[in-house]
>>> print(open('start.pdb').read())   # PDB, C-alpha atoms
ATOM      1  CA  GLU A   1     -28.387  20.772  31.424  1.00  0.00           C
ATOM      2  CA  THR A   2     -24.873  20.046  32.644  1.00  0.00           C
ATOM      3  CA  GLY A   3     -22.165  18.854  30.297  1.00  0.00           C
ATOM      4  CA  VAL A   4     -19.669  16.039  30.670  1.00  0.00           C
ATOM      5  CA  THR A   5     -17.228  16.564  33.503  1.00  0.00           C
ATOM      6  CA  GLN A   6     -14.010  14.722  34.282  1.00  0.00           C
ATOM      7  CA  SER A   7     -11.739  14.586  37.278  1.00  0.00           C
ATOM      8  CA  PRO A   8      -8.994  15.156  37.997  1.00  0.00           C
ATOM      9  CA  THR A   9      -7.798  17.632  35.373  1.00  0.00           C
ATOM     10  CA  HIS A  10      -4.174  16.622  35.661  1.00  0.00           C
ATOM     11  CA  LEU A  11      -2.463  13.689  37.311  1.00  0.00           C
ATOM     12  CA  ILE A  12       1.144  12.587  37.716  1.00  0.00           C
ATOM     13  CA  LYS A  13       1.947   8.978  38.569  1.00  0.00           C
ATOM     14  CA  THR A  14       5.012   6.763  38.509  1.00  0.00           C
ATOM     15  CA  ARG A  15       5.482   3.597  36.531  1.00  0.00           C
ATOM     16  CA  GLY A  16       3.791   0.586  38.112  1.00  0.00           C
ATOM     17  CA  GLN A  17       1.199   2.586  40.024  1.00  0.00           C
ATOM     18  CA  GLN A  18      -2.546   2.414  39.530  1.00  0.00           C
ATOM     19  CA  VAL A  19      -4.859   5.276  38.587  1.00  0.00           C
ATOM     20  CA  THR A  20      -8.599   5.931  38.586  1.00  0.00           C
ATOM     21  CA  LEU A  21     -10.142   8.584  36.379  1.00  0.00           C
ATOM     22  CA  ARG A  22     -13.745   9.739  36.769  1.00  0.00           C
ATOM     23  CA  CYS A  23     -16.412  10.963  34.417  1.00  0.00           C
ATOM     24  CA  SER A  24     -19.902  12.329  34.958  1.00  0.00           C
ATOM     25  CA  SER A  25     -22.059  11.991  31.891  1.00  0.00           C
ATOM     26  CA  GLN A  26     -24.353  14.625  30.501  1.00  0.00           C
ATOM     27  CA  SER A  27     -27.854  14.663  31.894  1.00  0.00           C
ATOM     28  CA  GLY A  28     -30.081  12.141  30.123  1.00  0.00           C
ATOM     29  CA  HIS A  29     -27.206  10.140  28.638  1.00  0.00           C
ATOM     30  CA  ASN A  30     -26.893   6.425  29.402  1.00  0.00           C
ATOM     31  CA  THR A  31     -23.735   5.542  27.471  1.00  0.00           C
ATOM     32  CA  VAL A  32     -20.150   6.444  28.290  1.00  0.00           C
ATOM     33  CA  SER A  33     -17.107   5.906  26.074  1.00  0.00           C
ATOM     34  CA  TRP A  34     -13.470   6.360  27.003  1.00  0.00           C
ATOM     35  CA  TYR A  35     -10.699   7.403  24.624  1.00  0.00           C
ATOM     36  CA  GLN A  36      -6.932   7.755  24.952  1.00  0.00           C
ATOM     37  CA  GLN A  37      -5.246  10.549  23.032  1.00  0.00           C
ATOM     38  CA  ALA A  38      -1.462  10.518  22.838  1.00  0.00           C
ATOM     39  CA  LEU A  39       0.286  13.783  22.047  1.00  0.00           C
ATOM     40  CA  GLY A  40      -0.119  14.728  18.400  1.00  0.00           C
ATOM     41  CA  GLN A  41      -2.488  11.840  17.660  1.00  0.00           C
ATOM     42  CA  GLY A  42      -6.207  11.357  17.322  1.00  0.00           C
ATOM     43  CA  PRO A  43      -8.162   9.751  20.161  1.00  0.00           C
ATOM     44  CA  GLN A  44      -8.273   5.957  20.306  1.00  0.00           C
ATOM     45  CA  PHE A  45     -11.302   4.088  21.584  1.00  0.00           C
ATOM     46  CA  ILE A  46     -10.686   2.209  24.842  1.00  0.00           C
ATOM     47  CA  PHE A  47     -14.161   0.905  25.712  1.00  0.00           C
ATOM     48  CA  GLN A  48     -17.790   1.846  26.109  1.00  0.00           C
ATOM     49  CA  TYR A  49     -20.289   1.254  28.895  1.00  0.00           C
ATOM     50  CA  TYR A  50     -24.029   1.045  28.433  1.00  0.00           C
ATOM     51  CA  ARG A  51     -26.353   0.396  31.362  1.00  0.00           C
ATOM     52  CA  GLU A  52     -23.426  -0.608  33.570  1.00  0.00           C
ATOM     53  CA  GLU A  53     -22.125  -3.257  31.151  1.00  0.00           C
ATOM     54  CA  GLU A  54     -19.120  -3.093  28.836  1.00  0.00           C
ATOM     55  CA  ASN A  55     -20.462  -2.638  25.298  1.00  0.00           C
ATOM     56  CA  GLY A  56     -17.461  -2.714  23.011  1.00  0.00           C
ATOM     57  CA  ARG A  57     -13.733  -2.552  23.588  1.00  0.00           C
ATOM     58  CA  GLY A  58     -10.810  -1.289  21.566  1.00  0.00           C
ATOM     59  CA  ASN A  59      -7.310  -2.717  21.327  1.00  0.00           C
ATOM     60  CA  PHE A  60      -6.261  -2.089  24.927  1.00  0.00           C
ATOM     61  CA  PRO A  61      -4.876  -4.648  27.414  1.00  0.00           C
ATOM     62  CA  PRO A  62      -6.908  -5.928  30.387  1.00  0.00           C
ATOM     63  CA  ARG A  63      -5.076  -3.607  32.786  1.00  0.00           C
ATOM     64  CA  PHE A  64      -7.425  -0.960  31.388  1.00  0.00           C
ATOM     65  CA  SER A  65     -10.767  -1.558  33.065  1.00  0.00           C
ATOM     66  CA  GLY A  66     -13.873   0.425  33.748  1.00  0.00           C
ATOM     67  CA  LEU A  67     -17.111   0.766  35.619  1.00  0.00           C
ATOM     68  CA  GLN A  68     -20.393   2.499  35.047  1.00  0.00           C
ATOM     69  CA  PHE A  69     -22.638   3.339  37.964  1.00  0.00           C
ATOM     70  CA  PRO A  70     -26.451   3.454  38.162  1.00  0.00           C
ATOM     71  CA  ASN A  71     -26.360   7.237  37.688  1.00  0.00           C
ATOM     72  CA  TYR A  72     -24.398   6.571  34.448  1.00  0.00           C
ATOM     73  CA  SER A  73     -21.184   8.130  35.723  1.00  0.00           C
ATOM     74  CA  SER A  74     -18.097   6.109  34.976  1.00  0.00           C
ATOM     75  CA  GLU A  75     -14.562   5.284  36.053  1.00  0.00           C
ATOM     76  CA  LEU A  76     -11.522   4.274  34.061  1.00  0.00           C
ATOM     77  CA  ASN A  77      -8.921   2.273  35.977  1.00  0.00           C
ATOM     78  CA  VAL A  78      -5.433   1.605  34.720  1.00  0.00           C
ATOM     79  CA  ASN A  79      -3.171  -0.817  36.601  1.00  0.00           C
ATOM     80  CA  ALA A  80       0.588  -1.246  36.366  1.00  0.00           C
ATOM     81  CA  LEU A  81       1.090   2.085  34.648  1.00  0.00           C
ATOM     82  CA  GLU A  82       3.617   2.281  31.840  1.00  0.00           C
ATOM     83  CA  LEU A  83       5.361   5.324  30.412  1.00  0.00           C
ATOM     84  CA  ASP A  84       3.320   4.986  27.197  1.00  0.00           C
ATOM     85  CA  ASP A  85       0.124   5.441  29.181  1.00  0.00           C
ATOM     86  CA  SER A  86       0.932   9.143  29.375  1.00  0.00           C
ATOM     87  CA  ALA A  87      -1.876  10.762  27.419  1.00  0.00           C
ATOM     88  CA  LEU A  88      -5.062  12.801  27.527  1.00  0.00           C
ATOM     89  CA  TYR A  89      -7.957  10.572  28.575  1.00  0.00           C
ATOM     90  CA  LEU A  90     -11.288  11.662  27.206  1.00  0.00           C
ATOM     91  CA  CYS A  91     -14.707  10.595  28.311  1.00  0.00           C
ATOM     92  CA  ALA A  92     -17.724  10.980  26.046  1.00  0.00           C
ATOM     93  CA  SER A  93     -21.358  10.451  26.872  1.00  0.00           C
ATOM     94  CA  SER A  94     -24.191   9.766  24.501  1.00  0.00           C
ATOM     95  CA  SER A  95     -27.782   8.670  24.404  1.00  0.00           C
ATOM     96  CA  SER A  96     -28.902   5.379  22.933  1.00  0.00           C
ATOM     97  CA  SER A  97     -31.987   7.005  21.443  1.00  0.00           C
ATOM     98  CA  GLY A  98     -33.294  10.305  20.180  1.00  0.00           C
ATOM     99  CA  SER A  99     -32.149  12.777  17.580  1.00  0.00           C
ATOM    100  CA  THR A 100     -28.596  12.997  18.940  1.00  0.00           C
ATOM    101  CA  LYS A 101     -27.942   9.285  19.438  1.00  0.00           C
ATOM    102  CA  ASN A 102     -25.042   9.328  16.974  1.00  0.00           C
ATOM    103  CA  GLU A 103     -23.343  12.247  18.669  1.00  0.00           C
ATOM    104  CA  GLN A 104     -20.866  11.847  21.501  1.00  0.00           C
ATOM    105  CA  PHE A 105     -20.376  14.757  23.889  1.00  0.00           C
ATOM    106  CA  PHE A 106     -16.827  14.972  25.198  1.00  0.00           C
ATOM    107  CA  GLY A 107     -15.521  16.105  28.530  1.00  0.00           C
ATOM    108  CA  PRO A 108     -12.418  18.296  28.882  1.00  0.00           C
ATOM    109  CA  GLY A 109     -10.194  15.306  29.558  1.00  0.00           C
ATOM    110  CA  THR A 110      -7.698  14.207  32.201  1.00  0.00           C
ATOM    111  CA  ARG A 111      -4.033  14.711  31.397  1.00  0.00           C
ATOM    112  CA  LEU A 112      -2.085  11.741  32.823  1.00  0.00           C
ATOM    113  CA  THR A 113       1.677  11.847  33.038  1.00  0.00           C
ATOM    114  CA  VAL A 114       3.556   8.687  33.965  1.00  0.00           C
ATOM    115  CA  LEU A 115       7.141   9.179  35.140  1.00  0.00           C
TER     116      LEU A 115
ATOM    117  CA  SER B   1      -4.746   2.003  15.214  1.00  0.00           C
ATOM    118  CA  GLN B   2      -6.112   5.029  13.386  1.00  0.00           C
ATOM    119  CA  GLN B   3      -8.931   4.423  10.950  1.00  0.00           C
ATOM    120  CA  GLY B   4      -8.194   7.337   8.743  1.00  0.00           C
ATOM    121  CA  GLU B   5      -5.779   9.989   7.782  1.00  0.00           C
ATOM    122  CA  GLU B   6      -6.353  13.699   7.494  1.00  0.00           C
ATOM    123  CA  ASP B   7      -4.643  15.745   4.866  1.00  0.00           C
ATOM    124  CA  PRO B   8      -2.910  18.085   5.264  1.00  0.00           C
ATOM    125  CA  GLN B   9      -1.426  17.515   8.721  1.00  0.00           C
ATOM    126  CA  ALA B  10      -1.086  21.272   9.127  1.00  0.00           C
ATOM    127  CA  LEU B  11      -2.679  24.217   7.338  1.00  0.00           C
ATOM    128  CA  SER B  12      -2.004  27.913   7.775  1.00  0.00           C
ATOM    129  CA  ILE B  13      -4.228  30.525   6.111  1.00  0.00           C
ATOM    130  CA  GLN B  14      -5.165  34.179   6.388  1.00  0.00           C
ATOM    131  CA  GLU B  15      -8.382  35.300   8.028  1.00  0.00           C
ATOM    132  CA  GLY B  16     -11.202  35.411   5.487  1.00  0.00           C
ATOM    133  CA  GLU B  17      -9.802  32.623   3.332  1.00  0.00           C
ATOM    134  CA  ASN B  18     -11.407  29.210   3.016  1.00  0.00           C
ATOM    135  CA  ALA B  19      -9.860  26.140   4.626  1.00  0.00           C
ATOM    136  CA  THR B  20     -10.253  22.658   3.191  1.00  0.00           C
ATOM    137  CA  MET B  21      -9.311  19.501   5.046  1.00  0.00           C
ATOM    138  CA  ASN B  22      -9.548  15.989   3.690  1.00  0.00           C
ATOM    139  CA  CYS B  23     -10.040  12.669   5.399  1.00  0.00           C
ATOM    140  CA  SER B  24      -9.633   9.140   4.127  1.00  0.00           C
ATOM    141  CA  TYR B  25     -10.793   6.017   5.919  1.00  0.00           C
ATOM    142  CA  LYS B  26     -10.498   2.296   5.477  1.00  0.00           C
ATOM    143  CA  THR B  27     -13.687   0.381   6.301  1.00  0.00           C
ATOM    144  CA  SER B  28     -17.397   0.633   5.558  1.00  0.00           C
ATOM    145  CA  ILE B  29     -19.094   3.169   7.768  1.00  0.00           C
ATOM    146  CA  ASN B  30     -22.460   4.139   9.227  1.00  0.00           C
ATOM    147  CA  ASN B  31     -21.555   7.780   9.363  1.00  0.00           C
ATOM    148  CA  LEU B  32     -18.624  10.177   9.448  1.00  0.00           C
ATOM    149  CA  GLN B  33     -18.278  13.039  11.873  1.00  0.00           C
ATOM    150  CA  TRP B  34     -15.977  16.020  12.183  1.00  0.00           C
ATOM    151  CA  TYR B  35     -14.745  17.274  15.533  1.00  0.00           C
ATOM    152  CA  ARG B  36     -12.743  20.271  16.626  1.00  0.00           C
ATOM    153  CA  GLN B  37     -10.244  20.385  19.487  1.00  0.00           C
ATOM    154  CA  ASN B  38      -8.665  23.468  20.996  1.00  0.00           C
ATOM    155  CA  SER B  39      -5.217  23.136  22.582  1.00  0.00           C
ATOM    156  CA  GLY B  40      -5.486  19.545  23.840  1.00  0.00           C
ATOM    157  CA  ARG B  41      -8.880  20.001  25.448  1.00  0.00           C
ATOM    158  CA  GLY B  42     -12.113  18.102  24.876  1.00  0.00           C
ATOM    159  CA  LEU B  43     -13.535  17.625  21.423  1.00  0.00           C
ATOM    160  CA  VAL B  44     -16.496  19.573  20.091  1.00  0.00           C
ATOM    161  CA  HIS B  45     -18.830  17.915  17.603  1.00  0.00           C
ATOM    162  CA  LEU B  46     -19.156  19.952  14.390  1.00  0.00           C
ATOM    163  CA  ILE B  47     -21.171  17.966  11.895  1.00  0.00           C
ATOM    164  CA  LEU B  48     -22.295  14.435  11.030  1.00  0.00           C
ATOM    165  CA  ILE B  49     -22.867  13.025   7.572  1.00  0.00           C
ATOM    166  CA  ARG B  50     -24.532   9.665   7.053  1.00  0.00           C
ATOM    167  CA  SER B  51     -23.226   7.082   4.612  1.00  0.00           C
ATOM    168  CA  ASN B  52     -26.166   7.689   2.256  1.00  0.00           C
ATOM    169  CA  GLU B  53     -25.559  11.450   2.136  1.00  0.00           C
ATOM    170  CA  ARG B  54     -23.121  13.190  -0.185  1.00  0.00           C
ATOM    171  CA  GLU B  55     -23.029  16.731   1.119  1.00  0.00           C
ATOM    172  CA  LYS B  56     -24.098  18.594   4.208  1.00  0.00           C
ATOM    173  CA  HIS B  57     -23.951  22.216   5.356  1.00  0.00           C
ATOM    174  CA  SER B  58     -23.929  23.809   8.768  1.00  0.00           C
ATOM    175  CA  GLY B  59     -23.271  27.535   8.978  1.00  0.00           C
ATOM    176  CA  ARG B  60     -19.803  28.135   7.517  1.00  0.00           C
ATOM    177  CA  LEU B  61     -19.098  24.407   7.330  1.00  0.00           C
ATOM    178  CA  ARG B  62     -19.577  22.209   4.307  1.00  0.00           C
ATOM    179  CA  VAL B  63     -18.866  18.487   4.412  1.00  0.00           C
ATOM    180  CA  THR B  64     -18.770  16.082   1.505  1.00  0.00           C
ATOM    181  CA  LEU B  65     -18.613  12.309   1.589  1.00  0.00           C
ATOM    182  CA  ASP B  66     -17.572   9.933  -1.188  1.00  0.00           C
ATOM    183  CA  THR B  67     -18.092   6.388   0.042  1.00  0.00           C
ATOM    184  CA  SER B  68     -16.723   4.895  -3.183  1.00  0.00           C
ATOM    185  CA  LYS B  69     -13.393   6.601  -2.522  1.00  0.00           C
ATOM    186  CA  LYS B  70     -13.734   6.305   1.265  1.00  0.00           C
ATOM    187  CA  SER B  71     -13.019   9.989   1.667  1.00  0.00           C
ATOM    188  CA  SER B  72     -14.538  13.147   3.079  1.00  0.00           C
ATOM    189  CA  SER B  73     -13.711  16.817   3.038  1.00  0.00           C
ATOM    190  CA  LEU B  74     -14.462  19.648   5.438  1.00  0.00           C
ATOM    191  CA  LEU B  75     -14.615  23.183   4.083  1.00  0.00           C
ATOM    192  CA  ILE B  76     -14.639  26.144   6.434  1.00  0.00           C
ATOM    193  CA  THR B  77     -15.557  29.313   4.598  1.00  0.00           C
ATOM    194  CA  ALA B  78     -14.555  32.850   5.562  1.00  0.00           C
ATOM    195  CA  SER B  79     -12.222  31.606   8.284  1.00  0.00           C
ATOM    196  CA  ARG B  80     -11.658  33.519  11.506  1.00  0.00           C
ATOM    197  CA  ALA B  81      -8.771  33.528  13.956  1.00  0.00           C
ATOM    198  CA  ALA B  82     -11.081  31.731  16.408  1.00  0.00           C
ATOM    199  CA  ASP B  83     -11.221  28.768  13.995  1.00  0.00           C
ATOM    200  CA  THR B  84      -7.607  27.965  14.914  1.00  0.00           C
ATOM    201  CA  ALA B  85      -7.742  24.424  16.298  1.00  0.00           C
ATOM    202  CA  SER B  86      -7.152  20.787  15.439  1.00  0.00           C
ATOM    203  CA  TYR B  87      -9.820  19.162  13.315  1.00  0.00           C
ATOM    204  CA  PHE B  88     -10.486  15.435  13.352  1.00  0.00           C
ATOM    205  CA  CYS B  89     -12.650  13.235  11.244  1.00  0.00           C
ATOM    206  CA  ALA B  90     -14.166  10.245  12.998  1.00  0.00           C
ATOM    207  CA  THR B  91     -15.987   7.326  11.503  1.00  0.00           C
ATOM    208  CA  VAL B  92     -18.450   4.913  12.990  1.00  0.00           C
ATOM    209  CA  PRO B  93     -17.577   1.601  11.353  1.00  0.00           C
ATOM    210  CA  ILE B  94     -20.438  -0.730  10.501  1.00  0.00           C
ATOM    211  CA  SER B  95     -18.495  -3.388  12.423  1.00  0.00           C
ATOM    212  CA  SER B  96     -18.844  -1.457  15.689  1.00  0.00           C
ATOM    213  CA  GLY B  97     -22.480  -2.530  15.936  1.00  0.00           C
ATOM    214  CA  SER B  98     -24.418  -1.035  18.824  1.00  0.00           C
ATOM    215  CA  ALA B  99     -21.281   0.478  20.343  1.00  0.00           C
ATOM    216  CA  ARG B 100     -21.105   3.111  17.602  1.00  0.00           C
ATOM    217  CA  GLN B 101     -17.494   3.667  18.629  1.00  0.00           C
ATOM    218  CA  LEU B 102     -15.693   6.533  16.974  1.00  0.00           C
ATOM    219  CA  THR B 103     -12.514   5.795  15.059  1.00  0.00           C
ATOM    220  CA  PHE B 104     -10.496   8.970  14.636  1.00  0.00           C
ATOM    221  CA  GLY B 105      -7.975  10.125  12.114  1.00  0.00           C
ATOM    222  CA  SER B 106      -4.755  11.834  13.067  1.00  0.00           C
ATOM    223  CA  GLY B 107      -6.075  15.373  12.646  1.00  0.00           C
ATOM    224  CA  THR B 108      -5.309  18.586  10.802  1.00  0.00           C
ATOM    225  CA  GLN B 109      -3.894  21.522  12.741  1.00  0.00           C
ATOM    226  CA  LEU B 110      -5.473  24.669  11.309  1.00  0.00           C
ATOM    227  CA  THR B 111      -3.934  28.060  12.028  1.00  0.00           C
ATOM    228  CA  VAL B 112      -5.838  31.148  10.914  1.00  0.00           C
ATOM    229  CA  LEU B 113      -3.676  34.243  10.909  1.00  0.00           C
ATOM    230  CA  PRO B 114      -5.316  37.605  11.678  1.00  0.00           C
TER     231      PRO B 114
END
>>> encode(input="start.pdb", output="structure tokens")
Amino acid sequence: ETGVTQSPTHLIKTRGQQVTLRCSSQSGHNTVSWYQQALGQGPQFIFQYYREEENGRGNFPPRFSGLQFPNYSSELNVNALELDDSALYLCASSSSSGSTKNEQFFGPGTRLTVL
Amino acid sequence: SQQGEEDPQALSIQEGENATMNCSYKTSINNLQWYRQNSGRGLVHLILIRSNEREKHSGRLRVTLDTSKKSSSLLITASRAADTASYFCATVPISSGSARQLTFGSGTQLTVLP
């Protein structure tokens, strides 16, 4: 059983650019959630995808968008990057059923720096 | 916005001592979970307590939940240097519905000195 993986590990962009972050969910999981964690803060929920549809969204502007693919992997896209977008972006996968349905399994994160 | 607050923000103890961290939250919840994070990496799930439970144990971890006070505590007994990490409580608000989104607190940085 493979865990949640994310790519890239680190990324440096300049203000105004666009970025795509990728996440492969754990085997057997059909739900992916994305979180943003600023330095020294707890993660904040961006949105969740279930069966390729957005299933809940946090307080983030529309320039944060996502996709989920038939194999349940996911992308997070951020347009028109701002300095405040610098953060650790965490992906978490979960199952909608079974004994662990309340547990989210996190990937190692992508560290995004916006200059 | 953060749902809850952890207290203290930072805690430093000697190896072998117990560490207690507290968490307060604001809205009605389905469950509360504690996570651990090492040096800005991914989070590791430690324990989940449902809203109808008051106490739960897992190895050296003990979690309590008081829904009337909207608070929880995490006790780590017989701490080890390897327990050094940031600890976060996360709630699943009833309002999140099927999304079961996690709403995190701001974390407690635990340092266990050898």
>>> resolve_selection(input="start.pdb", expression="the PyMOL selection byres ((chain B) within 9 of (chain A))", output="PyMOL selection string")
chain B and resi 1-2+31+33+40-45+48+88+92+96-107
>>> closest_residue(input="start.pdb", among="B:Glu5, B:Leu32, B:Ser12, B:Lys69", to="B:Thr111", atoms="all atoms listed in the file")
B:Ser12
>>> residues_around(input="start.pdb", residues="A:Thr113", least_positions_apart="4", cutoff="7 Å", atoms="all atoms listed in the file", output="JSON, numbers by chain")
{"A": [11, 12, 13, 86, 87]}
>>> resolve_selection(input="start.pdb", expression="the PyMOL selection byres ((chain B and resi 94) around 6)", output="VMD selection string")
chain B and resid 28 to 30 93 95 to 96
>>> residues_around(input="start.pdb", residues="A:Asn77", least_positions_apart="2", cutoff="7 Å", atoms="all atoms listed in the file", output="number ranges by chain")
A: 19-21, 64-66, 75, 79
>>> closest_residue(input="start.pdb", among="B:Leu75, B:Ala19, B:Leu11, B:Cys89", to="B:Gln37", atoms="all atoms listed in the file")
B:Cys89
>>> atom_distance(input="start.pdb", atom1="atom CA of B:Tyr25", atom2="atom CA of B:Ser58")
22.3 Å
>>> atom_distance(input="start.pdb", atom1="atom CA of A:Pro62", atom2="atom CA of A:Leu83")
16.6 Å
>>> atom_distance(input="start.pdb", atom1="atom CA of B:Thr27", atom2="atom CA of B:Asp7")
17.9 Å
>>> resolve_selection(input="start.pdb", expression="the PyMOL selection byres ((chain B and resi 56) around 12)", output="mmCIF file with C-alpha atoms, keeping the file's coordinate frame")
data_model
loop_
_atom_site.group_PDB
_atom_site.id
_atom_site.type_symbol
_atom_site.label_atom_id
_atom_site.label_comp_id
_atom_site.auth_asym_id
_atom_site.auth_seq_id
_atom_site.Cartn_x
_atom_site.Cartn_y
_atom_site.Cartn_z
ATOM 1 C CA LEU B 32 -18.624 10.177 9.448
ATOM 2 C CA GLN B 33 -18.278 13.039 11.873
ATOM 3 C CA TRP B 34 -15.977 16.020 12.183
ATOM 4 C CA LEU B 46 -19.156 19.952 14.390
ATOM 5 C CA ILE B 47 -21.171 17.966 11.895
ATOM 6 C CA LEU B 48 -22.295 14.435 11.030
ATOM 7 C CA ILE B 49 -22.867 13.025 7.572
ATOM 8 C CA ARG B 50 -24.532 9.665 7.053
ATOM 9 C CA SER B 51 -23.226 7.082 4.612
ATOM 10 C CA ASN B 52 -26.166 7.689 2.256
ATOM 11 C CA GLU B 53 -25.559 11.450 2.136
ATOM 12 C CA ARG B 54 -23.121 13.190 -0.185
ATOM 13 C CA GLU B 55 -23.029 16.731 1.119
ATOM 14 C CA HIS B 57 -23.951 22.216 5.356
ATOM 15 C CA SER B 58 -23.929 23.809 8.768
ATOM 16 C CA GLY B 59 -23.271 27.535 8.978
ATOM 17 C CA ARG B 60 -19.803 28.135 7.517
ATOM 18 C CA LEU B 61 -19.098 24.407 7.330
ATOM 19 C CA ARG B 62 -19.577 22.209 4.307
ATOM 20 C CA VAL B 63 -18.866 18.487 4.412
ATOM 21 C CA THR B 64 -18.770 16.082 1.505
ATOM 22 C CA LEU B 65 -18.613 12.309 1.589
ATOM 23 C CA SER B 72 -14.538 13.147 3.079
ATOM 24 C CA SER B 73 -13.711 16.817 3.038
ATOM 25 C CA LEU B 74 -14.462 19.648 5.438
ATOM 26 C CA LEU B 75 -14.615 23.183 4.083
#
>>> axis_aligned_box(input="start.pdb", around="stretch 48-53 of chain B", padding_each_side="8 Å", output="JSON")
{"center_x": -24.2, "center_y": 10.8, "center_z": 6.6, "size_x": 19.9, "size_y": 23.4, "size_z": 24.9}
>>> residues_around(input="start.pdb", residues="A:Arg22", least_positions_apart="4", cutoff="6 Å", atoms="all atoms listed in the file", output="count of residues only")
4
>>> build_atoms(input="start.pdb", residues="stretch 52-67 of chain B", atoms="N, CA, C and O atoms", output="short mmCIF file (atom, residue, chain, number, x, y, z; two decimals), in the frame of the given file")
data_model
loop_
_atom_site.label_atom_id
_atom_site.label_comp_id
_atom_site.auth_asym_id
_atom_site.auth_seq_id
_atom_site.Cartn_x
_atom_site.Cartn_y
_atom_site.Cartn_z
N ASN B 52 -25.34 7.53 3.46
CA ASN B 52 -26.17 7.69 2.26
C ASN B 52 -26.29 9.16 1.84
O ASN B 52 -27.06 9.48 0.93
N GLU B 53 -25.56 10.03 2.49
CA GLU B 53 -25.56 11.45 2.14
C GLU B 53 -24.27 11.79 1.41
O GLU B 53 -23.23 11.18 1.67
N ARG B 54 -24.31 12.80 0.58
CA ARG B 54 -23.12 13.19 -0.18
C ARG B 54 -22.58 14.55 0.23
O ARG B 54 -21.38 14.81 0.07
N GLU B 55 -23.47 15.39 0.74
CA GLU B 55 -23.03 16.73 1.12
C GLU B 55 -23.93 17.24 2.23
O GLU B 55 -25.13 16.94 2.26
N LYS B 56 -23.33 18.03 3.12
CA LYS B 56 -24.10 18.59 4.21
C LYS B 56 -23.51 19.95 4.59
O LYS B 56 -22.30 20.15 4.51
N HIS B 57 -24.38 20.87 4.99
CA HIS B 57 -23.95 22.22 5.36
C HIS B 57 -24.39 22.53 6.78
O HIS B 57 -25.44 22.09 7.24
N SER B 58 -23.55 23.29 7.46
CA SER B 58 -23.93 23.81 8.77
C SER B 58 -23.19 25.12 8.97
O SER B 58 -21.99 25.14 9.22
N GLY B 59 -23.92 26.22 8.84
CA GLY B 59 -23.27 27.54 8.98
C GLY B 59 -22.16 27.71 7.95
O GLY B 59 -22.38 27.57 6.75
N ARG B 60 -20.93 27.96 8.41
CA ARG B 60 -19.80 28.14 7.52
C ARG B 60 -19.12 26.81 7.16
O ARG B 60 -18.09 26.82 6.49
N LEU B 61 -19.68 25.72 7.59
CA LEU B 61 -19.10 24.41 7.33
C LEU B 61 -19.82 23.70 6.19
O LEU B 61 -21.04 23.73 6.10
N ARG B 62 -19.01 23.05 5.36
CA ARG B 62 -19.58 22.21 4.31
C ARG B 62 -18.78 20.90 4.31
O ARG B 62 -17.56 20.92 4.23
N VAL B 63 -19.50 19.80 4.40
CA VAL B 63 -18.87 18.49 4.41
C VAL B 63 -19.34 17.69 3.21
O VAL B 63 -20.52 17.72 2.87
N THR B 64 -18.41 17.01 2.57
CA THR B 64 -18.77 16.08 1.50
C THR B 64 -18.30 14.69 1.89
O THR B 64 -17.37 14.52 2.68
N LEU B 65 -18.96 13.71 1.33
CA LEU B 65 -18.61 12.31 1.59
C LEU B 65 -18.69 11.54 0.29
O LEU B 65 -19.68 11.61 -0.43
N ASP B 66 -17.62 10.81 -0.01
CA ASP B 66 -17.57 9.93 -1.19
C ASP B 66 -17.27 8.53 -0.69
O ASP B 66 -16.12 8.19 -0.44
N THR B 67 -18.30 7.72 -0.53
CA THR B 67 -18.09 6.39 0.04
C THR B 67 -17.36 5.47 -0.92
O THR B 67 -16.71 4.52 -0.50
#
